[in-house]
Each structure stands twice: as structure tokens, then as C-alpha cells.
>>> print(open('final33.txt').read())   # compact mmCIF, N, CA, C and O atoms
# COMPACT_ATOMS: atom_id res chain seq x y z
N MET S 1 -54.74 54.55 151.23
CA MET S 1 -54.76 54.43 152.67
C MET S 1 -56.22 54.42 153.14
O MET S 1 -57.05 55.13 152.63
N ARG S 2 -56.50 53.60 154.14
CA ARG S 2 -57.83 53.54 154.73
C ARG S 2 -57.74 53.95 156.19
O ARG S 2 -56.82 53.60 156.90
N ASP S 3 -58.75 54.65 156.64
CA ASP S 3 -58.86 54.99 158.05
C ASP S 3 -59.76 53.94 158.68
O ASP S 3 -60.95 53.83 158.33
N ILE S 4 -59.20 53.16 159.58
CA ILE S 4 -59.91 52.04 160.20
C ILE S 4 -59.73 52.11 161.71
O ILE S 4 -58.62 52.31 162.20
N VAL S 5 -60.83 51.91 162.43
CA VAL S 5 -60.81 51.81 163.88
C VAL S 5 -61.17 50.38 164.22
O VAL S 5 -62.19 49.87 163.75
N CYS S 6 -60.35 49.71 165.03
CA CYS S 6 -60.62 48.33 165.44
C CYS S 6 -60.91 48.30 166.93
O CYS S 6 -60.17 48.88 167.72
N ILE S 7 -61.98 47.60 167.29
CA ILE S 7 -62.41 47.51 168.69
C ILE S 7 -62.62 46.04 169.01
O ILE S 7 -63.27 45.32 168.26
N GLY S 8 -62.09 45.60 170.14
CA GLY S 8 -62.28 44.22 170.58
C GLY S 8 -63.02 44.19 171.90
O GLY S 8 -62.88 45.09 172.72
N ALA S 9 -63.83 43.16 172.09
CA ALA S 9 -64.58 43.01 173.35
C ALA S 9 -64.74 41.53 173.67
O ALA S 9 -64.77 40.69 172.78
N SER S 10 -64.87 41.26 174.95
CA SER S 10 -65.15 39.90 175.38
C SER S 10 -66.65 39.66 175.35
O SER S 10 -67.43 40.57 175.05
N THR S 11 -67.06 38.48 175.69
CA THR S 11 -68.48 38.14 175.71
C THR S 11 -69.26 39.11 176.58
O THR S 11 -70.38 39.49 176.26
N GLY S 12 -68.69 39.56 177.69
CA GLY S 12 -69.37 40.47 178.60
C GLY S 12 -69.31 41.93 178.20
O GLY S 12 -69.76 42.79 178.96
N GLY S 13 -68.80 42.25 177.02
CA GLY S 13 -68.60 43.64 176.63
C GLY S 13 -69.75 44.30 175.90
O GLY S 13 -69.59 45.41 175.38
N LEU S 14 -70.91 43.66 175.86
CA LEU S 14 -72.02 44.21 175.08
C LEU S 14 -72.45 45.59 175.56
O LEU S 14 -72.68 46.49 174.74
N ASP S 15 -72.53 45.80 176.84
CA ASP S 15 -72.94 47.10 177.37
C ASP S 15 -71.95 48.19 176.95
O ASP S 15 -72.35 49.27 176.51
N ALA S 16 -70.67 47.90 177.04
CA ALA S 16 -69.65 48.87 176.64
C ALA S 16 -69.73 49.16 175.14
O ALA S 16 -69.61 50.31 174.71
N LEU S 17 -69.94 48.13 174.34
CA LEU S 17 -70.06 48.33 172.88
C LEU S 17 -71.29 49.17 172.55
O LEU S 17 -71.24 50.05 171.68
N THR S 18 -72.38 48.93 173.23
CA THR S 18 -73.60 49.69 173.00
C THR S 18 -73.37 51.17 173.31
O THR S 18 -73.75 52.04 172.53
N ARG S 19 -72.73 51.45 174.43
CA ARG S 19 -72.44 52.85 174.79
C ARG S 19 -71.48 53.48 173.79
O ARG S 19 -71.62 54.65 173.42
N LEU S 20 -70.51 52.71 173.32
CA LEU S 20 -69.54 53.24 172.38
C LEU S 20 -70.18 53.59 171.04
O LEU S 20 -69.98 54.69 170.53
N VAL S 21 -70.97 52.68 170.46
CA VAL S 21 -71.56 52.97 169.14
C VAL S 21 -72.58 54.09 169.23
O VAL S 21 -72.79 54.82 168.26
N ARG S 22 -73.20 54.27 170.38
CA ARG S 22 -74.14 55.37 170.57
C ARG S 22 -73.43 56.72 170.44
O ARG S 22 -74.01 57.70 169.97
N ALA S 23 -72.16 56.76 170.83
CA ALA S 23 -71.40 58.02 170.83
C ALA S 23 -70.70 58.32 169.50
O ALA S 23 -70.20 59.42 169.31
N VAL S 24 -70.66 57.37 168.58
CA VAL S 24 -69.95 57.57 167.31
C VAL S 24 -70.82 58.41 166.37
O VAL S 24 -71.97 58.05 166.11
N PRO S 25 -70.27 59.50 165.83
CA PRO S 25 -71.07 60.35 164.94
C PRO S 25 -71.33 59.68 163.59
O PRO S 25 -70.53 58.88 163.10
N ALA S 26 -72.45 60.03 162.99
CA ALA S 26 -72.85 59.44 161.71
C ALA S 26 -71.89 59.79 160.58
O ALA S 26 -71.80 59.06 159.60
N ASN S 27 -71.15 60.87 160.71
CA ASN S 27 -70.23 61.30 159.65
C ASN S 27 -68.78 60.89 159.93
O ASN S 27 -67.85 61.51 159.40
N LEU S 28 -68.56 59.87 160.72
CA LEU S 28 -67.20 59.42 161.04
C LEU S 28 -66.47 59.06 159.74
O LEU S 28 -66.95 58.23 158.96
N PRO S 29 -65.30 59.66 159.48
CA PRO S 29 -64.59 59.40 158.24
C PRO S 29 -63.67 58.17 158.31
O PRO S 29 -62.56 58.18 157.81
N ALA S 30 -64.15 57.11 158.94
CA ALA S 30 -63.37 55.89 159.08
C ALA S 30 -64.32 54.69 159.11
O ALA S 30 -65.50 54.84 159.43
N ALA S 31 -63.78 53.53 158.78
CA ALA S 31 -64.53 52.28 158.94
C ALA S 31 -64.25 51.77 160.35
O ALA S 31 -63.16 51.95 160.88
N ILE S 32 -65.25 51.14 160.95
CA ILE S 32 -65.07 50.58 162.29
C ILE S 32 -65.26 49.07 162.21
O ILE S 32 -66.23 48.59 161.64
N PHE S 33 -64.30 48.35 162.78
CA PHE S 33 -64.40 46.89 162.88
C PHE S 33 -64.55 46.55 164.36
O PHE S 33 -63.73 46.96 165.18
N ILE S 34 -65.60 45.83 164.69
CA ILE S 34 -65.80 45.38 166.06
C ILE S 34 -65.67 43.86 166.07
O ILE S 34 -66.36 43.17 165.32
N VAL S 35 -64.80 43.37 166.93
CA VAL S 35 -64.60 41.93 167.08
C VAL S 35 -64.99 41.57 168.51
O VAL S 35 -64.49 42.17 169.46
N ARG S 36 -65.89 40.62 168.65
CA ARG S 36 -66.37 40.23 169.97
C ARG S 36 -66.29 38.73 170.10
O ARG S 36 -66.67 37.99 169.20
N HIS S 37 -65.80 38.28 171.23
CA HIS S 37 -65.73 36.85 171.50
C HIS S 37 -67.15 36.32 171.70
O HIS S 37 -67.91 36.83 172.52
N ILE S 38 -67.53 35.33 170.90
CA ILE S 38 -68.86 34.74 170.98
C ILE S 38 -68.76 33.23 170.91
O ILE S 38 -67.73 32.69 170.52
N GLY S 39 -69.83 32.56 171.22
CA GLY S 39 -69.86 31.11 171.14
C GLY S 39 -69.88 30.63 169.69
O GLY S 39 -70.21 31.38 168.77
N ALA S 40 -69.54 29.38 169.50
CA ALA S 40 -69.46 28.81 168.15
C ALA S 40 -70.81 28.78 167.44
O ALA S 40 -70.86 28.74 166.21
N HIS S 41 -71.89 28.80 168.17
CA HIS S 41 -73.22 28.69 167.56
C HIS S 41 -74.00 29.99 167.64
O HIS S 41 -75.22 30.00 167.74
N SER S 42 -73.28 31.10 167.57
CA SER S 42 -73.92 32.41 167.62
C SER S 42 -74.80 32.61 166.40
O SER S 42 -74.49 32.18 165.30
N ASP S 43 -75.90 33.32 166.60
CA ASP S 43 -76.81 33.59 165.48
C ASP S 43 -76.65 35.02 164.97
O ASP S 43 -77.56 35.58 164.38
N GLU S 44 -75.51 35.63 165.21
CA GLU S 44 -75.18 36.95 164.68
C GLU S 44 -76.16 38.04 165.11
O GLU S 44 -76.60 38.86 164.33
N LEU S 45 -76.51 38.05 166.38
CA LEU S 45 -77.42 39.06 166.90
C LEU S 45 -76.73 40.41 167.14
O LEU S 45 -77.41 41.43 167.23
N LEU S 46 -75.42 40.42 167.24
CA LEU S 46 -74.72 41.66 167.59
C LEU S 46 -75.06 42.82 166.66
O LEU S 46 -75.37 43.91 167.14
N PRO S 47 -75.04 42.66 165.33
CA PRO S 47 -75.40 43.80 164.48
C PRO S 47 -76.81 44.31 164.73
O PRO S 47 -77.05 45.52 164.72
N LYS S 48 -77.75 43.42 164.98
CA LYS S 48 -79.12 43.84 165.25
C LYS S 48 -79.20 44.65 166.54
O LYS S 48 -79.89 45.67 166.61
N ILE S 49 -78.50 44.20 167.55
CA ILE S 49 -78.50 44.89 168.84
C ILE S 49 -77.83 46.25 168.72
O ILE S 49 -78.38 47.28 169.14
N LEU S 50 -76.65 46.30 168.12
CA LEU S 50 -75.91 47.56 168.03
C LEU S 50 -76.58 48.55 167.08
O LEU S 50 -76.50 49.76 167.30
N SER S 51 -77.26 48.07 166.05
CA SER S 51 -77.93 48.96 165.10
C SER S 51 -79.00 49.81 165.77
O SER S 51 -79.30 50.92 165.32
N ARG S 52 -79.59 49.30 166.84
CA ARG S 52 -80.62 50.06 167.56
C ARG S 52 -80.04 51.27 168.28
O ARG S 52 -80.77 52.15 168.71
N HIS S 53 -78.72 51.30 168.42
CA HIS S 53 -78.06 52.36 169.19
C HIS S 53 -77.09 53.19 168.36
O HIS S 53 -76.41 54.05 168.90
N SER S 54 -77.00 52.95 167.07
CA SER S 54 -75.99 53.60 166.26
C SER S 54 -76.58 54.36 165.09
O SER S 54 -77.58 53.94 164.48
N ALA S 55 -75.96 55.48 164.74
CA ALA S 55 -76.33 56.24 163.55
C ALA S 55 -75.67 55.65 162.30
O ALA S 55 -76.03 56.00 161.18
N LEU S 56 -74.72 54.75 162.50
CA LEU S 56 -74.00 54.12 161.38
C LEU S 56 -74.62 52.78 161.03
O LEU S 56 -75.18 52.09 161.89
N PRO S 57 -74.51 52.35 159.77
CA PRO S 57 -74.97 51.01 159.42
C PRO S 57 -74.03 49.97 160.02
O PRO S 57 -72.82 50.16 160.06
N ILE S 58 -74.59 48.88 160.52
CA ILE S 58 -73.81 47.83 161.15
C ILE S 58 -74.18 46.49 160.53
O ILE S 58 -75.37 46.18 160.38
N SER S 59 -73.16 45.73 160.15
CA SER S 59 -73.41 44.42 159.55
C SER S 59 -72.24 43.49 159.85
O SER S 59 -71.17 43.93 160.26
N VAL S 60 -72.47 42.21 159.63
CA VAL S 60 -71.40 41.22 159.76
C VAL S 60 -70.54 41.30 158.51
O VAL S 60 -71.07 41.33 157.39
N ALA S 61 -69.24 41.36 158.67
CA ALA S 61 -68.33 41.42 157.53
C ALA S 61 -68.31 40.08 156.81
O ALA S 61 -68.32 39.02 157.44
N ARG S 62 -68.28 40.14 155.52
CA ARG S 62 -68.22 38.94 154.68
C ARG S 62 -67.04 39.09 153.72
O ARG S 62 -66.69 40.20 153.32
N GLU S 63 -66.46 37.99 153.33
CA GLU S 63 -65.35 38.02 152.38
C GLU S 63 -65.80 38.74 151.11
O GLU S 63 -66.88 38.49 150.58
N GLY S 64 -64.97 39.68 150.67
CA GLY S 64 -65.25 40.43 149.45
C GLY S 64 -65.98 41.74 149.70
O GLY S 64 -66.15 42.53 148.78
N ASP S 65 -66.45 42.00 150.93
CA ASP S 65 -67.10 43.26 151.24
C ASP S 65 -66.14 44.43 151.02
O ASP S 65 -64.96 44.33 151.29
N GLN S 66 -66.67 45.53 150.53
CA GLN S 66 -65.88 46.74 150.36
C GLN S 66 -65.81 47.47 151.69
O GLN S 66 -66.80 47.60 152.40
N ILE S 67 -64.63 47.98 152.03
CA ILE S 67 -64.45 48.74 153.25
C ILE S 67 -64.75 50.21 152.94
O ILE S 67 -64.15 50.78 152.03
N LYS S 68 -65.70 50.78 153.68
CA LYS S 68 -66.11 52.16 153.43
C LYS S 68 -66.14 52.94 154.74
O LYS S 68 -66.46 52.37 155.78
N PRO S 69 -65.85 54.23 154.68
CA PRO S 69 -65.98 55.05 155.88
C PRO S 69 -67.43 55.05 156.37
O PRO S 69 -68.35 54.95 155.57
N GLY S 70 -67.58 55.19 157.67
CA GLY S 70 -68.92 55.26 158.23
C GLY S 70 -69.60 53.93 158.26
O GLY S 70 -70.75 53.78 158.47
>>> encode(input="final33.txt", output="C-alpha cells")
Amino acid sequence: MRDIVCIGASTGGLDALTRLVRAVPANLPAAIFIVRHIGAHSDELLPKILSRHSALPISVAREGDQIKPG
């Protein structure tokens, strides 16, 4: 069993996502998936932006990535 938290946001949800990741503790015993509506030509800036506000590592998910807590 995996503990997973899924969060969705629209294009205008960046401020809410920033506030949310700022409040998540570094020892959270779950994986977090954030899905945000973006344009087709996005340059994947979201992880860079959110990483400045989070104690957790943030990256774009890729096929084959291992799901880990925190």
C-alpha cells in the first residue's frame, strides 16, 4: 500500500499551490502528486517555482520513477 496525496489546480492556482507546499512538513509520510493545467508548450517551471517554497524535493514525474514518501 502507498500513501499518496493528489492535488489538482488550474492555470491560476500557482499562488494556492505555493502556500500549500510551504505548509507541508519535510517528514510527510506520503508521496504528493500535483497536477496543474498548463499550456502545451510549458517549459516545466512549476517544480523550480515550488521548490523555492517547499522542504520536500519537487520534480516532474517521469515514466518508471519510483514513488517514495516525502
>>> select_by_dssp(input="final33.txt", residues="chain S", states="alpha helix (DSSP H)", output="PyMOL selection string")
chain S and resi 14-23+46-51
>>> residues_around(input="final33.txt", residues="S:Pro47", least_positions_apart="5", cutoff="8 Å", atoms="only C-alpha atoms", output="PyMOL selection string")
chain S and resi 58-60
>>> residues_around(input="final33.txt", residues="stretch 16-33 of chain S", least_positions_apart="5", cutoff="10 Å", atoms="only C-alpha atoms", output="PyMOL selection string")
chain S and resi 2-9+46+49-61+67-70
>>> write_last_selection(input="final33.txt", atoms="N, CA, C and O atoms", output="short mmCIF file (atom, residue, chain, number, x, y, z; two decimals), in the coordinates of the input")
data_model
loop_
_atom_site.label_atom_id
_atom_site.label_comp_id
_atom_site.auth_asym_id
_atom_site.auth_seq_id
_atom_site.Cartn_x
_atom_site.Cartn_y
_atom_site.Cartn_z
N ARG S 2 -56.50 53.60 154.14
CA ARG S 2 -57.83 53.54 154.73
C ARG S 2 -57.74 53.95 156.19
O ARG S 2 -56.82 53.60 156.90
N ASP S 3 -58.75 54.65 156.64
CA ASP S 3 -58.86 54.99 158.05
C ASP S 3 -59.76 53.94 158.68
O ASP S 3 -60.95 53.83 158.33
N ILE S 4 -59.20 53.16 159.58
CA ILE S 4 -59.91 52.04 160.20
C ILE S 4 -59.73 52.11 161.71
O ILE S 4 -58.62 52.31 162.20
N VAL S 5 -60.83 51.91 162.43
CA VAL S 5 -60.81 51.81 163.88
C VAL S 5 -61.17 50.38 164.22
O VAL S 5 -62.19 49.87 163.75
N CYS S 6 -60.35 49.71 165.03
CA CYS S 6 -60.62 48.33 165.44
C CYS S 6 -60.91 48.30 166.93
O CYS S 6 -60.17 48.88 167.72
N ILE S 7 -61.98 47.60 167.29
CA ILE S 7 -62.41 47.51 168.69
C ILE S 7 -62.62 46.04 169.01
O ILE S 7 -63.27 45.32 168.26
N GLY S 8 -62.09 45.60 170.14
CA GLY S 8 -62.28 44.22 170.58
C GLY S 8 -63.02 44.19 171.90
O GLY S 8 -62.88 45.09 172.72
N ALA S 9 -63.83 43.16 172.09
CA ALA S 9 -64.58 43.01 173.35
C ALA S 9 -64.74 41.53 173.67
O ALA S 9 -64.77 40.69 172.78
N LEU S 46 -75.42 40.42 167.24
CA LEU S 46 -74.72 41.66 167.59
C LEU S 46 -75.06 42.82 166.66
O LEU S 46 -75.37 43.91 167.14
N ILE S 49 -78.50 44.20 167.55
CA ILE S 49 -78.50 44.89 168.84
C ILE S 49 -77.83 46.25 168.72
O ILE S 49 -78.38 47.28 169.14
N LEU S 50 -76.65 46.30 168.12
CA LEU S 50 -75.91 47.56 168.03
C LEU S 50 -76.58 48.55 167.08
O LEU S 50 -76.50 49.76 167.30
N SER S 51 -77.26 48.07 166.05
CA SER S 51 -77.93 48.96 165.10
C SER S 51 -79.00 49.81 165.77
O SER S 51 -79.30 50.92 165.32
N ARG S 52 -79.59 49.30 166.84
CA ARG S 52 -80.62 50.06 167.56
C ARG S 52 -80.04 51.27 168.28
O ARG S 52 -80.77 52.15 168.71
N HIS S 53 -78.72 51.30 168.42
CA HIS S 53 -78.06 52.36 169.19
C HIS S 53 -77.09 53.19 168.36
O HIS S 53 -76.41 54.05 168.90
N SER S 54 -77.00 52.95 167.07
CA SER S 54 -75.99 53.60 166.26
C SER S 54 -76.58 54.36 165.09
O SER S 54 -77.58 53.94 164.48
N ALA S 55 -75.96 55.48 164.74
CA ALA S 55 -76.33 56.24 163.55
C ALA S 55 -75.67 55.65 162.30
O ALA S 55 -76.03 56.00 161.18
N LEU S 56 -74.72 54.75 162.50
CA LEU S 56 -74.00 54.12 161.38
C LEU S 56 -74.62 52.78 161.03
O LEU S 56 -75.18 52.09 161.89
N PRO S 57 -74.51 52.35 159.77
CA PRO S 57 -74.97 51.01 159.42
C PRO S 57 -74.03 49.97 160.02
O PRO S 57 -72.82 50.16 160.06
N ILE S 58 -74.59 48.88 160.52
CA ILE S 58 -73.81 47.83 161.15
C ILE S 58 -74.18 46.49 160.53
O ILE S 58 -75.37 46.18 160.38
N SER S 59 -73.16 45.73 160.15
CA SER S 59 -73.41 44.42 159.55
C SER S 59 -72.24 43.49 159.85
O SER S 59 -71.17 43.93 160.26
N VAL S 60 -72.47 42.21 159.63
CA VAL S 60 -71.40 41.22 159.76
C VAL S 60 -70.54 41.30 158.51
O VAL S 60 -71.07 41.33 157.39
N ALA S 61 -69.24 41.36 158.67
CA ALA S 61 -68.33 41.42 157.53
C ALA S 61 -68.31 40.08 156.81
O ALA S 61 -68.32 39.02 157.44
N ILE S 67 -64.63 47.98 152.03
CA ILE S 67 -64.45 48.74 153.25
C ILE S 67 -64.75 50.21 152.94
O ILE S 67 -64.15 50.78 152.03
N LYS S 68 -65.70 50.78 153.68
CA LYS S 68 -66.11 52.16 153.43
C LYS S 68 -66.14 52.94 154.74
O LYS S 68 -66.46 52.37 155.78
N PRO S 69 -65.85 54.23 154.68
CA PRO S 69 -65.98 55.05 155.88
C PRO S 69 -67.43 55.05 156.37
O PRO S 69 -68.35 54.95 155.57
N GLY S 70 -67.58 55.19 157.67
CA GLY S 70 -68.92 55.26 158.23
C GLY S 70 -69.60 53.93 158.26
O GLY S 70 -70.75 53.78 158.47
#
>>> atom_distance(input="final33.txt", atom1="atom CA of S:Val35", atom2="atom CA of S:Thr11")
10.2 Å
>>> atom_distance(input="final33.txt", atom1="atom CA of S:Arg36", atom2="atom O of S:Glu63")
19.5 Å
>>> atom_distance(input="final33.txt", atom1="atom C of S:Gly12", atom2="atom CA of S:Gly39")
12.9 Å
>>> build_atoms(input="final33.txt", residues="stretch 54-65 of chain S", atoms="all heavy atoms", output="mmCIF file, in the coordinates of the input")
data_model
loop_
_atom_site.group_PDB
_atom_site.id
_atom_site.type_symbol
_atom_site.label_atom_id
_atom_site.label_comp_id
_atom_site.auth_asym_id
_atom_site.auth_seq_id
_atom_site.Cartn_x
_atom_site.Cartn_y
_atom_site.Cartn_z
ATOM 1 N N SER S 54 -77.000 52.950 167.070
ATOM 2 C CA SER S 54 -75.990 53.600 166.260
ATOM 3 C C SER S 54 -76.580 54.360 165.090
ATOM 4 O O SER S 54 -77.580 53.940 164.480
ATOM 5 C CB SER S 54 -75.015 52.545 165.713
ATOM 6 O OG SER S 54 -74.064 53.147 164.864
ATOM 7 N N ALA S 55 -75.960 55.480 164.740
ATOM 8 C CA ALA S 55 -76.330 56.240 163.550
ATOM 9 C C ALA S 55 -75.670 55.650 162.300
ATOM 10 O O ALA S 55 -76.030 56.000 161.180
ATOM 11 C CB ALA S 55 -75.923 57.698 163.715
ATOM 12 N N LEU S 56 -74.720 54.750 162.500
ATOM 13 C CA LEU S 56 -74.000 54.120 161.380
ATOM 14 C C LEU S 56 -74.620 52.780 161.030
ATOM 15 O O LEU S 56 -75.180 52.090 161.890
ATOM 16 C CB LEU S 56 -72.535 53.890 161.762
ATOM 17 C CG LEU S 56 -71.706 55.133 162.042
ATOM 18 C CD1 LEU S 56 -70.353 54.726 162.615
ATOM 19 C CD2 LEU S 56 -71.525 55.928 160.778
ATOM 20 N N PRO S 57 -74.510 52.350 159.770
ATOM 21 C CA PRO S 57 -74.970 51.010 159.420
ATOM 22 C C PRO S 57 -74.030 49.970 160.020
ATOM 23 O O PRO S 57 -72.820 50.160 160.060
ATOM 24 C CB PRO S 57 -74.892 50.989 157.886
ATOM 25 C CG PRO S 57 -73.894 52.034 157.536
ATOM 26 C CD PRO S 57 -73.975 53.076 158.620
ATOM 27 N N ILE S 58 -74.590 48.880 160.520
ATOM 28 C CA ILE S 58 -73.810 47.830 161.150
ATOM 29 C C ILE S 58 -74.180 46.490 160.530
ATOM 30 O O ILE S 58 -75.370 46.180 160.380
ATOM 31 C CB ILE S 58 -74.061 47.794 162.679
ATOM 32 C CG1 ILE S 58 -73.622 49.113 163.305
ATOM 33 C CG2 ILE S 58 -73.348 46.605 163.316
ATOM 34 C CD1 ILE S 58 -73.909 49.234 164.785
ATOM 35 N N SER S 59 -73.160 45.730 160.150
ATOM 36 C CA SER S 59 -73.410 44.420 159.550
ATOM 37 C C SER S 59 -72.240 43.490 159.850
ATOM 38 O O SER S 59 -71.170 43.930 160.260
ATOM 39 C CB SER S 59 -73.593 44.542 158.038
ATOM 40 O OG SER S 59 -72.408 45.020 157.437
ATOM 41 N N VAL S 60 -72.470 42.210 159.630
ATOM 42 C CA VAL S 60 -71.400 41.220 159.760
ATOM 43 C C VAL S 60 -70.540 41.300 158.510
ATOM 44 O O VAL S 60 -71.070 41.330 157.390
ATOM 45 C CB VAL S 60 -71.985 39.790 159.921
ATOM 46 C CG1 VAL S 60 -70.886 38.751 159.898
ATOM 47 C CG2 VAL S 60 -72.794 39.696 161.203
ATOM 48 N N ALA S 61 -69.240 41.360 158.670
ATOM 49 C CA ALA S 61 -68.330 41.420 157.530
ATOM 50 C C ALA S 61 -68.310 40.080 156.810
ATOM 51 O O ALA S 61 -68.320 39.020 157.440
ATOM 52 C CB ALA S 61 -66.926 41.779 157.997
ATOM 53 N N ARG S 62 -68.280 40.140 155.520
ATOM 54 C CA ARG S 62 -68.220 38.940 154.680
ATOM 55 C C ARG S 62 -67.040 39.090 153.720
ATOM 56 O O ARG S 62 -66.690 40.200 153.320
ATOM 57 C CB ARG S 62 -69.499 38.782 153.851
ATOM 58 C CG ARG S 62 -70.764 38.725 154.663
ATOM 59 C CD ARG S 62 -70.963 37.350 155.235
ATOM 60 N NE ARG S 62 -72.253 37.309 155.917
ATOM 61 C CZ ARG S 62 -72.422 36.757 157.095
ATOM 62 N NH1 ARG S 62 -71.422 36.202 157.723
ATOM 63 N NH2 ARG S 62 -73.609 36.749 157.654
ATOM 64 N N GLU S 63 -66.460 37.990 153.330
ATOM 65 C CA GLU S 63 -65.350 38.020 152.380
ATOM 66 C C GLU S 63 -65.800 38.740 151.110
ATOM 67 O O GLU S 63 -66.880 38.490 150.580
ATOM 68 C CB GLU S 63 -64.908 36.595 152.033
ATOM 69 C CG GLU S 63 -63.692 36.571 151.151
ATOM 70 C CD GLU S 63 -63.154 35.171 150.922
ATOM 71 O OE1 GLU S 63 -63.515 34.250 151.678
ATOM 72 O OE2 GLU S 63 -62.370 35.025 149.984
ATOM 73 N N GLY S 64 -64.970 39.680 150.670
ATOM 74 C CA GLY S 64 -65.250 40.430 149.450
ATOM 75 C C GLY S 64 -65.980 41.740 149.700
ATOM 76 O O GLY S 64 -66.150 42.530 148.780
ATOM 77 N N ASP S 65 -66.450 42.000 150.930
ATOM 78 C CA ASP S 65 -67.100 43.260 151.240
ATOM 79 C C ASP S 65 -66.140 44.430 151.020
ATOM 80 O O ASP S 65 -64.960 44.330 151.290
ATOM 81 C CB ASP S 65 -67.565 43.317 152.696
ATOM 82 C CG ASP S 65 -68.814 42.520 152.964
ATOM 83 O OD1 ASP S 65 -69.417 42.010 152.000
ATOM 84 O OD2 ASP S 65 -69.181 42.405 154.148
#
